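**Q** The structure file start35.tsv (TSV, C-alpha atoms) is provided below.
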chain	number	residue	atom	x	y	z
A	193	MET	CA	-117.81	-1.45	-119.34
A	194	ASP	CA	-118.46	-3.16	-122.66
A	195	SER	CA	-118.82	-6.71	-121.31
A	196	ARG	CA	-121.63	-8.27	-119.28
A	197	PRO	CA	-120.75	-9.15	-115.66
A	198	GLY	CA	-120.27	-12.90	-115.35
A	199	SER	CA	-119.28	-13.35	-118.99
A	200	THR	CA	-115.91	-14.78	-119.95
A	201	ALA	CA	-114.69	-11.40	-121.17
A	202	SER	CA	-115.78	-9.59	-118.02
A	203	LEU	CA	-114.34	-12.19	-115.61
A	204	LEU	CA	-111.05	-12.22	-117.51
A	205	ARG	CA	-110.84	-8.43	-117.35
A	206	THR	CA	-111.48	-8.64	-113.62
A	207	VAL	CA	-108.78	-11.27	-113.06
A	208	ILE	CA	-106.29	-9.24	-115.10
A	209	GLY	CA	-107.17	-6.03	-113.28
A	210	LEU	CA	-106.85	-7.64	-109.86
A	211	TYR	CA	-103.79	-9.84	-110.26
A	212	LEU	CA	-101.70	-9.49	-113.40
A	213	ARG	CA	-99.84	-6.42	-112.18
A	214	ASP	CA	-99.25	-7.98	-108.75
A	215	ALA	CA	-97.71	-11.07	-110.33
A	216	GLY	CA	-94.57	-9.17	-111.32
A	217	GLY	CA	-96.39	-7.56	-114.24
A	218	TRP	CA	-96.55	-10.87	-116.11
A	219	MET	CA	-98.40	-14.15	-115.84
A	220	SER	CA	-98.07	-17.31	-117.88
A	221	THR	CA	-100.93	-18.33	-120.14
A	222	THR	CA	-101.16	-21.58	-118.18
A	223	SER	CA	-101.66	-19.69	-114.91
A	224	ILE	CA	-104.40	-17.55	-116.43
A	225	LEU	CA	-106.13	-20.66	-117.76
A	226	GLU	CA	-105.92	-22.28	-114.32
A	227	LEU	CA	-107.45	-19.23	-112.65
A	228	MET	CA	-110.26	-18.99	-115.18
A	229	ASN	CA	-110.90	-22.71	-114.75
A	230	ALA	CA	-111.50	-22.00	-111.05
A	231	LEU	CA	-114.27	-19.68	-112.29
A	232	GLN	CA	-115.74	-22.51	-114.39
A	233	ILE	CA	-114.57	-20.97	-117.67
A	234	PRO	CA	-113.20	-23.51	-120.22
A	235	ALA	CA	-109.73	-22.96	-121.64
A	236	THR	CA	-111.04	-22.52	-125.19
A	237	LEU	CA	-113.21	-19.57	-124.15
A	238	THR	CA	-110.39	-18.02	-122.12
A	239	ARG	CA	-107.96	-18.25	-125.05
A	240	THR	CA	-110.48	-16.55	-127.33
A	241	ALA	CA	-111.07	-13.80	-124.77
A	242	LEU	CA	-107.31	-13.29	-124.32
A	243	THR	CA	-106.93	-12.84	-128.06
A	244	ARG	CA	-109.67	-10.21	-128.08
A	245	LEU	CA	-108.15	-8.34	-125.15
A	246	ARG	CA	-104.80	-8.36	-126.91
A	247	LYS	CA	-106.39	-6.85	-130.02
A	248	LYS	CA	-108.04	-4.18	-127.85
A	249	GLY	CA	-104.70	-3.23	-126.33
A	250	VAL	CA	-105.47	-4.42	-122.79
A	251	VAL	CA	-102.77	-7.11	-122.67
A	252	VAL	CA	-99.60	-7.84	-124.62
A	253	ALA	CA	-98.37	-11.35	-125.41
A	254	ALA	CA	-94.92	-11.83	-123.89
A	255	GLU	CA	-92.60	-14.75	-123.24
A	256	ARG	CA	-90.39	-15.11	-120.18
A	257	SER	CA	-87.73	-17.79	-120.14
A	258	GLY	CA	-89.44	-19.38	-123.11
A	259	VAL	CA	-92.82	-19.51	-121.36
A	260	ALA	CA	-95.82	-17.93	-123.11
A	261	GLY	CA	-97.73	-15.37	-121.12
A	262	TYR	CA	-99.19	-11.89	-120.98
A	263	GLU	CA	-98.34	-8.45	-119.66
A	264	VAL	CA	-100.68	-5.51	-119.15
A	265	ASP	CA	-100.34	-2.90	-121.89
A	266	SER	CA	-98.80	0.30	-120.48
A	267	ARG	CA	-101.84	2.40	-121.46
A	268	ALA	CA	-104.22	-0.13	-119.96
A	269	ALA	CA	-102.12	-0.13	-116.77
A	270	ARG	CA	-102.87	3.56	-116.25
A	271	MET	CA	-106.57	2.88	-116.75
A	272	LEU	CA	-106.44	0.02	-114.25
A	273	GLU	CA	-104.70	2.21	-111.68
A	274	ARG	CA	-107.53	4.74	-111.93
A	275	GLY	CA	-109.99	1.87	-111.65
A	276	ASP	CA	-108.30	0.63	-108.47
A	277	ARG	CA	-109.01	3.90	-106.72
A	278	ARG	CA	-112.60	4.04	-107.90
A	279	ILE	CA	-113.54	0.37	-107.37
A	280	HIS	CA	-111.88	-0.34	-104.03
A	281	ASN	CA	-112.45	3.03	-102.38
A	282	PRO	CA	-116.00	4.16	-103.20
A	283	ARG	CA	-116.49	7.82	-102.32
A	284	SER	CA	-119.53	9.78	-101.24
A	285	MET	CA	-120.30	13.46	-100.77
A	286	ASP	CA	-121.25	15.27	-97.61
A	287	ALA	CA	-123.98	17.89	-97.86
A	288	GLN	CA	-121.46	20.75	-97.63
A	289	ASP	CA	-119.00	19.37	-100.20
A	290	PRO	CA	-118.45	21.31	-103.47
A	291	TRP	CA	-119.79	20.35	-106.87
A	292	CYS	CA	-118.24	20.52	-110.32
A	293	LEU	CA	-120.00	21.90	-113.42
A	294	LEU	CA	-118.85	21.34	-117.01
A	295	SER	CA	-120.14	23.57	-119.79
A	296	PHE	CA	-119.31	22.89	-123.44
A	297	SER	CA	-120.58	23.61	-126.93
A	298	LEU	CA	-119.64	21.60	-130.01
A	299	PRO	CA	-121.14	22.11	-133.49
A	300	GLU	CA	-122.90	19.39	-135.43
A	301	SER	CA	-119.77	18.95	-137.56
A	302	GLU	CA	-118.07	17.56	-134.42
A	303	ARG	CA	-120.94	15.38	-133.30
A	304	GLU	CA	-118.71	12.28	-132.97
A	305	ARG	CA	-116.46	13.99	-130.41
A	306	ARG	CA	-119.56	15.39	-128.73
A	307	HIS	CA	-121.00	11.89	-128.49
A	308	GLN	CA	-117.74	10.51	-127.09
A	309	LEU	CA	-117.57	13.29	-124.51
A	310	ARG	CA	-121.12	12.70	-123.28
A	311	ARG	CA	-120.62	8.94	-123.27
A	312	GLN	CA	-117.45	9.16	-121.19
A	313	LEU	CA	-118.95	11.70	-118.78
A	314	HIS	CA	-121.84	9.32	-118.20
A	315	TRP	CA	-119.49	6.40	-117.54
A	316	ILE	CA	-117.58	8.23	-114.80
A	317	GLY	CA	-120.77	9.18	-112.96
A	318	CYS	CA	-121.58	12.69	-114.18
A	319	GLY	CA	-125.17	13.88	-114.43
A	320	MET	CA	-126.66	15.82	-117.35
A	321	VAL	CA	-128.40	19.07	-116.45
A	322	SER	CA	-128.77	19.87	-120.16
A	323	PRO	CA	-126.96	18.52	-123.26
A	324	GLY	CA	-124.18	21.10	-122.86
A	325	LEU	CA	-124.10	21.34	-119.06
A	326	TRP	CA	-123.02	18.44	-116.83
A	327	ILE	CA	-122.67	18.16	-113.06
A	328	ALA	CA	-120.64	15.94	-110.74
A	329	PRO	CA	-119.09	15.85	-107.28
A	330	GLU	CA	-115.94	17.98	-107.17
A	331	TYR	CA	-113.81	14.88	-106.57
A	332	LEU	CA	-114.54	13.81	-110.17
A	333	ARG	CA	-112.97	17.01	-111.51
A	334	GLN	CA	-109.62	15.41	-112.35
A	335	GLU	CA	-111.27	12.62	-114.32
A	336	ILE	CA	-113.37	15.19	-116.20
A	337	GLN	CA	-110.20	17.12	-117.07
A	338	GLU	CA	-108.54	13.91	-118.28
A	339	ILE	CA	-111.49	13.18	-120.57
A	340	LEU	CA	-111.34	16.69	-122.02
A	341	GLU	CA	-107.61	16.33	-122.64
A	342	SER	CA	-107.97	12.89	-124.22
A	343	LEU	CA	-110.55	14.28	-126.67
A	344	ASP	CA	-108.57	17.51	-127.21
A	345	LEU	CA	-111.51	19.58	-125.97
A	346	GLY	CA	-109.79	21.55	-123.23
A	347	GLU	CA	-110.32	24.83	-125.08
A	348	ARG	CA	-113.94	24.03	-125.94
A	349	ALA	CA	-115.18	23.58	-122.39
A	350	VAL	CA	-115.26	25.41	-119.07
A	351	VAL	CA	-115.12	23.66	-115.70
A	352	PHE	CA	-116.56	25.40	-112.63
A	353	THR	CA	-116.59	24.66	-108.92
A	354	THR	CA	-119.85	25.50	-107.21
A	355	SER	CA	-121.69	25.00	-103.91
A	356	ARG	CA	-124.98	23.18	-103.39
A	357	PRO	CA	-127.25	23.60	-106.44
A	358	GLN	CA	-130.14	25.98	-105.89
A	359	VAL	CA	-133.23	24.62	-107.63
A	360	THR	CA	-136.90	25.46	-107.82
A	361	GLY	CA	-138.88	22.65	-106.27
A	362	ASN	CA	-137.74	19.48	-104.55
A	363	LEU	CA	-133.97	18.89	-104.81
A	364	ARG	CA	-134.35	15.10	-104.85
A	365	GLU	CA	-136.80	15.27	-107.75
A	366	VAL	CA	-134.56	17.61	-109.74
A	367	VAL	CA	-131.43	15.52	-109.14
A	368	ALA	CA	-133.34	12.46	-110.39
A	369	THR	CA	-133.62	14.18	-113.78
A	370	TRP	CA	-129.85	14.64	-113.94
A	371	TRP	CA	-128.93	11.04	-113.12
A	372	ASP	CA	-130.72	7.76	-113.82
A	373	LEU	CA	-130.85	6.91	-110.13
A	374	ASP	CA	-133.34	4.07	-110.70
A	375	ALA	CA	-130.77	2.26	-112.84
A	376	VAL	CA	-128.02	2.79	-110.26
A	377	ALA	CA	-130.30	1.63	-107.43
A	378	THR	CA	-131.07	-1.53	-109.43
A	379	LEU	CA	-127.34	-2.25	-109.74
A	380	HIS	CA	-126.95	-1.93	-105.97
A	381	ARG	CA	-129.97	-4.13	-105.25
A	382	ASP	CA	-128.82	-6.82	-107.69
A	383	PHE	CA	-125.39	-6.79	-106.04
A	384	ILE	CA	-126.95	-7.15	-102.59
A	385	LYS	CA	-129.26	-9.94	-103.77
A	386	PHE	CA	-126.40	-12.00	-105.21
A	387	HIS	CA	-124.00	-11.52	-102.27
A	388	GLU	CA	-126.01	-10.98	-99.09
A	389	HIS	CA	-125.55	-14.63	-98.09
A	390	VAL	CA	-121.76	-14.71	-98.57
A	391	ALA	CA	-120.05	-15.65	-95.30
A	392	THR	CA	-117.76	-12.83	-94.20
A	393	GLU	CA	-115.78	-14.60	-91.51
A	394	GLU	CA	-112.17	-15.69	-92.17
A	395	VAL	CA	-111.92	-18.01	-95.18
A	396	GLY	CA	-109.23	-20.31	-96.54
A	397	ALA	CA	-106.93	-19.44	-99.44
A	398	ASP	CA	-108.62	-21.77	-101.88
A	399	ALA	CA	-110.43	-21.79	-105.20
A	400	GLU	CA	-113.78	-21.11	-103.53
A	401	ALA	CA	-112.54	-17.92	-101.87
A	402	PHE	CA	-110.98	-16.83	-105.16
A	403	ALA	CA	-114.16	-17.47	-107.14
A	404	THR	CA	-116.32	-15.70	-104.56
A	405	TYR	CA	-114.10	-12.62	-104.50
A	406	VAL	CA	-113.58	-12.34	-108.26
A	407	THR	CA	-117.26	-12.76	-109.11
A	408	MET	CA	-118.09	-10.20	-106.41
A	409	ILE	CA	-115.67	-7.65	-107.88
A	410	ASP	CA	-116.88	-8.45	-111.39
A	411	LEU	CA	-120.45	-7.52	-110.49
A	412	TRP	CA	-119.43	-4.58	-108.30
A	413	ARG	CA	-116.86	-2.78	-110.46
A	414	LYS	CA	-119.37	-1.00	-112.68
A	415	ILE	CA	-121.32	0.44	-109.72
A	416	PRO	CA	-118.74	2.94	-108.34
A	417	TYR	CA	-118.41	4.40	-111.83
A	418	LEU	CA	-122.12	4.98	-112.40
A	419	ASP	CA	-122.91	5.90	-108.78
A	420	PRO	CA	-121.41	9.36	-108.17
A	421	GLY	CA	-121.83	9.11	-104.39
A	422	LEU	CA	-124.38	11.90	-103.98
A	423	PRO	CA	-125.21	13.28	-100.52
A	424	GLU	CA	-128.20	11.87	-98.69
A	425	GLU	CA	-130.30	14.98	-99.27
A	426	CYS	CA	-130.16	14.31	-103.02
A	427	LEU	CA	-131.15	10.64	-102.88
A	428	PRO	CA	-134.42	8.73	-102.49
A	429	SER	CA	-135.27	7.75	-98.91
A	430	ASP	CA	-134.90	4.04	-99.75
A	431	TRP	CA	-131.49	4.42	-101.43
A	432	PRO	CA	-129.61	1.07	-101.24
A	433	GLY	CA	-126.12	2.47	-101.85
A	434	GLY	CA	-124.97	2.43	-98.24
A	435	GLN	CA	-126.01	-1.20	-97.83
A	436	GLY	CA	-124.27	-2.17	-101.06
A	437	ILE	CA	-121.03	-0.43	-100.10
A	438	GLY	CA	-121.07	-1.99	-96.64
A	439	LEU	CA	-121.54	-5.48	-98.08
A	440	PHE	CA	-118.77	-4.91	-100.62
A	441	GLN	CA	-116.37	-3.83	-97.88
A	442	ARG	CA	-117.19	-6.80	-95.63
A	443	ILE	CA	-116.64	-9.35	-98.40
A	444	SER	CA	-113.43	-7.58	-99.44
A	445	ASN	CA	-112.15	-7.72	-95.87
A	446	SER	CA	-112.85	-11.44	-95.57
A	447	HIS	CA	-111.91	-12.66	-99.06
A	448	ALA	CA	-109.39	-10.34	-100.75
A	449	LEU	CA	-106.26	-11.64	-99.01
A	450	ALA	CA	-107.32	-15.29	-99.28
A	451	SER	CA	-108.04	-14.86	-102.98
A	452	LYS	CA	-104.67	-13.21	-103.57
A	453	SER	CA	-102.89	-16.03	-101.72
A	454	PHE	CA	-104.64	-18.59	-103.94
A	455	VAL	CA	-103.55	-16.71	-107.06
A	456	CYS	CA	-99.96	-16.58	-105.80
A	457	SER	CA	-99.99	-20.34	-105.17
A	458	ILE	CA	-101.18	-21.03	-108.72
A	459	HIS	CA	-98.68	-18.59	-110.21
A	460	ARG	CA	-95.75	-20.04	-108.23
A	461	THR	CA	-96.70	-23.64	-108.96
A	462	VAL	CA	-97.13	-23.14	-112.68
A	463	SER	CA	-93.95	-21.04	-112.93
A	464	SER	CA	-91.99	-23.76	-111.12
A	465	GLN	CA	-93.40	-26.44	-113.43
A	466	CYS	CA	-92.51	-24.37	-116.51
A	467	ALA	CA	-89.00	-23.76	-115.19
A	468	ALA	CA	-88.54	-27.48	-114.53
A	469	ALA	CA	-89.80	-28.34	-117.99
A	470	GLY	CA	-87.35	-25.83	-119.48
A	471	SER	CA	-84.46	-27.40	-117.57
A	472	MET	CA	-85.39	-30.88	-118.77
A	473	ALA	CA	-85.61	-29.63	-122.35
A	474	ALA	CA	-82.14	-28.11	-122.04
A	475	LEU	CA	-80.77	-31.50	-120.98
Take the structure from the file and write it as structure tokens.
**A**
Amino acid sequence: MDSRPGSTASLLRTVIGLYLRDAGGWMSTTSILELMNALQIPATLTRTALTRLRKKGVVVAAERSGVAGYEVDSRAARMLERGDRRIHNPRSMDAQDPWCLLSFSLPESERERRHQLRRQLHWIGCGMVSPGLWIAPEYLRQEIQEILESLDLGERAVVFTTSRPQVTGNLREVVATWWDLDAVATLHRDFIKFHEHVATEEVGADAEAFATYVTMIDLWRKIPYLDPGLPEECLPSDWPGGQGIGLFQRISNSHALASKSFVCSIHRTVSSQCAAAGSMAAL
């Protein structure tokens, strides 16, 4: 979440999240550079971004058969697995679905942990009813529990399951004070604007399909975190979320497999070249 969509860092994170685990858990540096080149990112910028991701614990430098490359850090792998579920399978509530409430109280002496808790709750799509009371769809409960455990706050908070909130006044207006729905709607509309003209018929397994799919995911992947998937009765009448999700799914259906095939072709070709170079060196 700390890199701007379309930047070198963000595109590299997207490529790693989509393909590094599928490539046997490892990919050569040369393959990564080739893939980023297909996204119009120069090798110098990619190398710098790889170094930064290594320092942040996202990837680990690793050689295989004398070939330099990268693996996903084990902790980052767990994060990416959670991201897979959220990014590729956006969820939404029905009107009768349960809600989750989180109540906590932390003194000023623990303001840093309090800040981290609120920041992480925001980034998984929770809404703030008051500084110490947060709300979310029930299906975010596990992620809320994981955040509490990671910050060692399990004994300082209480998690409730509840039915539809009963409010005084208009429910849509009240919900809009809990979430920044204008900001989320803007993300959806920007996504639609940039991708509404993408052809969604069958495409070839080439660099163009790869670039289209990766840049689409790169712009999309923040949205399912910030958009909690609220029921229609809680959303503005002109809510663009359904249109955004539909477009995302159509482009995924037409481009995901072609993009993966392109990545596999690059990975196989580079690996074969490296193996051949190693054999010649041995001679």
**Q** Which residue out of A:Arg267, A:Arg239, A:Lys385, A:Arg356 has the minimum interatomic distance to A:Gln288 when all atoms listed in the file are used?
**A**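 Residue with the minimum atom-to-atom distance to A:Gln288: A:Arg356.
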**Q** Please report as a tab-separated table every residue of stretch 275-383 of chain A lying within 12 Å of stretch 443-451 of chain A, along with the nearest atom pair and their distance in Å (one decimal), using only C-alpha atoms.
**A**
residue	atom	partner	partner_atom	distance
A:Ile279	CA	A:Ser444	CA	11.2
A:His280	CA	A:Ser444	CA	8.7
A:Asn281	CA	A:Ser444	CA	11.1
A:Phe383	CA	A:Ile443	CA	11.9
**Q** Those same residues, written as a compact mmCIF listing (two decimals), keeping the file's coordinate frame with C-alpha atoms?
**A**
# COMPACT_ATOMS: atom_id res chain seq x y z
CA ILE A 279 -113.54 0.37 -107.37
CA HIS A 280 -111.88 -0.34 -104.03
CA ASN A 281 -112.45 3.03 -102.38
CA PHE A 383 -125.39 -6.79 -106.04
**Q** To test the calculation: enclose all listed atoms of stretch 218-234 of chain A in a box whose edges run along x, y and z, add 5 Å on each side, then state centre and edge lengths in Å to one decimal, as JSON.
**A**
{"center_x": -106.1, "center_y": -17.2, "center_z": -115.6, "size_x": 29.2, "size_y": 22.6, "size_z": 19.2}
**Q** List as an MDAnalysis selection string the protein and nucleic acid residues near stretch 387-391 of chain A, meaning an atom at most 10 Å away when all atoms listed in the file are counted, but skip any in the same chain fewer than 2 places from it.
**A** chainID A and resid 381:385 393:395 404:405 407:408 411 435:436 439:440 442:443 446:447
**Q** Would you pick out the contacts of stretch 198-206 of chain A at 9 Å or less, using only C-alpha atoms, so that residues sharing its chain but fewer than 3 positions from it are not included, and give the list as number ranges by chain?
**A** A: 193-195, 209-211, 224, 228, 231, 233, 237-238, 241-242, 244-245, 250, 406-407, 409-411, 413
**Q** Which value, in Å to one decimal, gives the distance between atom CA of A:Arg305 and atom CA of A:Leu345?
**A**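 Value for the atom CA of A:Arg305-atom CA of A:Leu345 distance: 8.7 Å.
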**Q** Taking only C-alpha atoms into account, name the residue in A:Gly433, A:Pro197, A:Pro323, A:Gly217 that is nearest to A:Thr378.
**A**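 Closest to A:Thr378, using only C-alpha atoms: A:Gly433.
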**Q** Could you check the closest approach to A:Cys318 for each of A:Arg283, A:Arg333, A:Arg274, A:Lys414 and tell me which residue wins, using only C-alpha atoms?
**A** A:Arg333
**Q** What's the separation between atom CA of A:Trp370 and atom CA of A:Gly421, in Å to one decimal place?
**A**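 Straight-line distance from atom CA of A:Trp370 to atom CA of A:Gly421 works out to 13.6 Å.
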**Q** Separation of atom CA of A:Leu225 and atom CA of A:Gly258, in Å?
**A** 17.6 Å
**Q** What would stretch 265-296 of chain A look like with N, CA and C atoms in place, written as a PDB file, in the frame of the given file?
**A**
ATOM      1  N   ASP A 265    -100.799  -4.008-121.055  1.00  0.00           N
ATOM      2  CA  ASP A 265    -100.340  -2.900-121.890  1.00  0.00           C
ATOM      3  C   ASP A 265    -100.161  -1.652-121.031  1.00  0.00           C
ATOM      4  N   SER A 266     -99.126  -0.860-121.322  1.00  0.00           N
ATOM      5  CA  SER A 266     -98.800   0.300-120.480  1.00  0.00           C
ATOM      6  C   SER A 266     -99.965   1.285-120.400  1.00  0.00           C
ATOM      7  N   ARG A 267    -100.694   1.477-121.492  1.00  0.00           N
ATOM      8  CA  ARG A 267    -101.840   2.400-121.460  1.00  0.00           C
ATOM      9  C   ARG A 267    -102.969   1.825-120.620  1.00  0.00           C
ATOM     10  N   ALA A 268    -103.181   0.515-120.763  1.00  0.00           N
ATOM     11  CA  ALA A 268    -104.220  -0.130-119.960  1.00  0.00           C
ATOM     12  C   ALA A 268    -103.858  -0.101-118.485  1.00  0.00           C
ATOM     13  N   ALA A 269    -102.554  -0.165-118.176  1.00  0.00           N
ATOM     14  CA  ALA A 269    -102.120  -0.130-116.770  1.00  0.00           C
ATOM     15  C   ALA A 269    -102.550   1.159-116.104  1.00  0.00           C
ATOM     16  N   ARG A 270    -102.441   2.279-116.816  1.00  0.00           N
ATOM     17  CA  ARG A 270    -102.870   3.560-116.250  1.00  0.00           C
ATOM     18  C   ARG A 270    -104.373   3.567-116.003  1.00  0.00           C
ATOM     19  N   MET A 271    -105.116   2.981-116.919  1.00  0.00           N
ATOM     20  CA  MET A 271    -106.570   2.880-116.750  1.00  0.00           C
ATOM     21  C   MET A 271    -106.914   2.015-115.537  1.00  0.00           C
ATOM     22  N   LEU A 272    -106.186   0.917-115.376  1.00  0.00           N
ATOM     23  CA  LEU A 272    -106.440   0.020-114.250  1.00  0.00           C
ATOM     24  C   LEU A 272    -106.097   0.679-112.919  1.00  0.00           C
ATOM     25  N   GLU A 273    -105.055   1.496-112.913  1.00  0.00           N
ATOM     26  CA  GLU A 273    -104.700   2.210-111.680  1.00  0.00           C
ATOM     27  C   GLU A 273    -105.804   3.173-111.268  1.00  0.00           C
ATOM     28  N   ARG A 274    -106.390   3.865-112.247  1.00  0.00           N
ATOM     29  CA  ARG A 274    -107.530   4.740-111.930  1.00  0.00           C
ATOM     30  C   ARG A 274    -108.704   3.912-111.428  1.00  0.00           C
ATOM     31  N   GLY A 275    -108.901   2.746-112.062  1.00  0.00           N
ATOM     32  CA  GLY A 275    -109.990   1.870-111.650  1.00  0.00           C
ATOM     33  C   GLY A 275    -109.812   1.353-110.239  1.00  0.00           C
ATOM     34  N   ASP A 276    -108.561   1.084-109.845  1.00  0.00           N
ATOM     35  CA  ASP A 276    -108.300   0.630-108.470  1.00  0.00           C
ATOM     36  C   ASP A 276    -108.857   1.604-107.460  1.00  0.00           C
ATOM     37  N   ARG A 277    -108.565   2.890-107.672  1.00  0.00           N
ATOM     38  CA  ARG A 277    -109.010   3.900-106.720  1.00  0.00           C
ATOM     39  C   ARG A 277    -110.528   3.981-106.679  1.00  0.00           C
ATOM     40  N   ARG A 278    -111.145   3.889-107.838  1.00  0.00           N
ATOM     41  CA  ARG A 278    -112.600   4.040-107.900  1.00  0.00           C
ATOM     42  C   ARG A 278    -113.304   2.792-107.333  1.00  0.00           C
ATOM     43  N   ILE A 279    -112.840   1.602-107.718  1.00  0.00           N
ATOM     44  CA  ILE A 279    -113.540   0.370-107.370  1.00  0.00           C
ATOM     45  C   ILE A 279    -113.375   0.021-105.895  1.00  0.00           C
ATOM     46  N   HIS A 280    -112.153   0.146-105.385  1.00  0.00           N
ATOM     47  CA  HIS A 280    -111.880  -0.340-104.030  1.00  0.00           C
ATOM     48  C   HIS A 280    -112.091   0.716-102.946  1.00  0.00           C
ATOM     49  N   ASN A 281    -112.259   1.955-103.361  1.00  0.00           N
ATOM     50  CA  ASN A 281    -112.450   3.030-102.380  1.00  0.00           C
ATOM     51  C   ASN A 281    -113.626   3.909-102.801  1.00  0.00           C
ATOM     52  N   PRO A 282    -114.844   3.358-102.770  1.00  0.00           N
ATOM     53  CA  PRO A 282    -116.000   4.160-103.200  1.00  0.00           C
ATOM     54  C   PRO A 282    -116.159   5.406-102.340  1.00  0.00           C
ATOM     55  N   ARG A 283    -116.395   6.537-103.019  1.00  0.00           N
ATOM     56  CA  ARG A 283    -116.490   7.820-102.320  1.00  0.00           C
ATOM     57  C   ARG A 283    -117.930   8.307-102.276  1.00  0.00           C
ATOM     58  N   SER A 284    -118.210   9.178-101.318  1.00  0.00           N
ATOM     59  CA  SER A 284    -119.530   9.780-101.240  1.00  0.00           C
ATOM     60  C   SER A 284    -119.391  11.203-100.716  1.00  0.00           C
ATOM     61  N   MET A 285    -120.315  12.054-101.129  1.00  0.00           N
ATOM     62  CA  MET A 285    -120.300  13.460-100.770  1.00  0.00           C
ATOM     63  C   MET A 285    -120.975  13.693 -99.429  1.00  0.00           C
ATOM     64  N   ASP A 286    -120.501  14.703 -98.721  1.00  0.00           N
ATOM     65  CA  ASP A 286    -121.250  15.270 -97.610  1.00  0.00           C
ATOM     66  C   ASP A 286    -122.069  16.442 -98.148  1.00  0.00           C
ATOM     67  N   ALA A 287    -123.068  16.840 -97.394  1.00  0.00           N
ATOM     68  CA  ALA A 287    -123.980  17.890 -97.860  1.00  0.00           C
ATOM     69  C   ALA A 287    -123.252  19.193 -98.177  1.00  0.00           C
ATOM     70  N   GLN A 288    -122.158  19.483 -97.440  1.00  0.00           N
ATOM     71  CA  GLN A 288    -121.460  20.750 -97.630  1.00  0.00           C
ATOM     72  C   GLN A 288    -120.338  20.676 -98.670  1.00  0.00           C
ATOM     73  N   ASP A 289    -120.093  19.521 -99.238  1.00  0.00           N
ATOM     74  CA  ASP A 289    -119.000  19.370-100.200  1.00  0.00           C
ATOM     75  C   ASP A 289    -119.296  20.117-101.502  1.00  0.00           C
ATOM     76  N   PRO A 290    -118.245  20.583-102.206  1.00  0.00           N
ATOM     77  CA  PRO A 290    -118.450  21.310-103.470  1.00  0.00           C
ATOM     78  C   PRO A 290    -118.831  20.404-104.623  1.00  0.00           C
ATOM     79  N   TRP A 291    -119.404  21.029-105.642  1.00  0.00           N
ATOM     80  CA  TRP A 291    -119.790  20.350-106.870  1.00  0.00           C
ATOM     81  C   TRP A 291    -118.942  20.866-108.025  1.00  0.00           C
ATOM     82  N   CYS A 292    -118.973  20.132-109.109  1.00  0.00           N
ATOM     83  CA  CYS A 292    -118.240  20.520-110.320  1.00  0.00           C
ATOM     84  C   CYS A 292    -119.242  20.617-111.471  1.00  0.00           C
ATOM     85  N   LEU A 293    -119.166  21.715-112.241  1.00  0.00           N
ATOM     86  CA  LEU A 293    -120.000  21.900-113.420  1.00  0.00           C
ATOM     87  C   LEU A 293    -119.109  21.951-114.662  1.00  0.00           C
ATOM     88  N   LEU A 294    -119.558  21.315-115.727  1.00  0.00           N
ATOM     89  CA  LEU A 294    -118.850  21.340-117.010  1.00  0.00           C
ATOM     90  C   LEU A 294    -119.790  21.888-118.071  1.00  0.00           C
ATOM     91  N   SER A 295    -119.364  22.974-118.704  1.00  0.00           N
ATOM     92  CA  SER A 295    -120.140  23.570-119.790  1.00  0.00           C
ATOM     93  C   SER A 295    -119.343  23.449-121.089  1.00  0.00           C
ATOM     94  N   PHE A 296    -119.995  23.007-122.151  1.00  0.00           N
ATOM     95  CA  PHE A 296    -119.310  22.890-123.440  1.00  0.00           C
ATOM     96  C   PHE A 296    -120.305  23.089-124.581  1.00  0.00           C
TER      97      PHE A 296
END
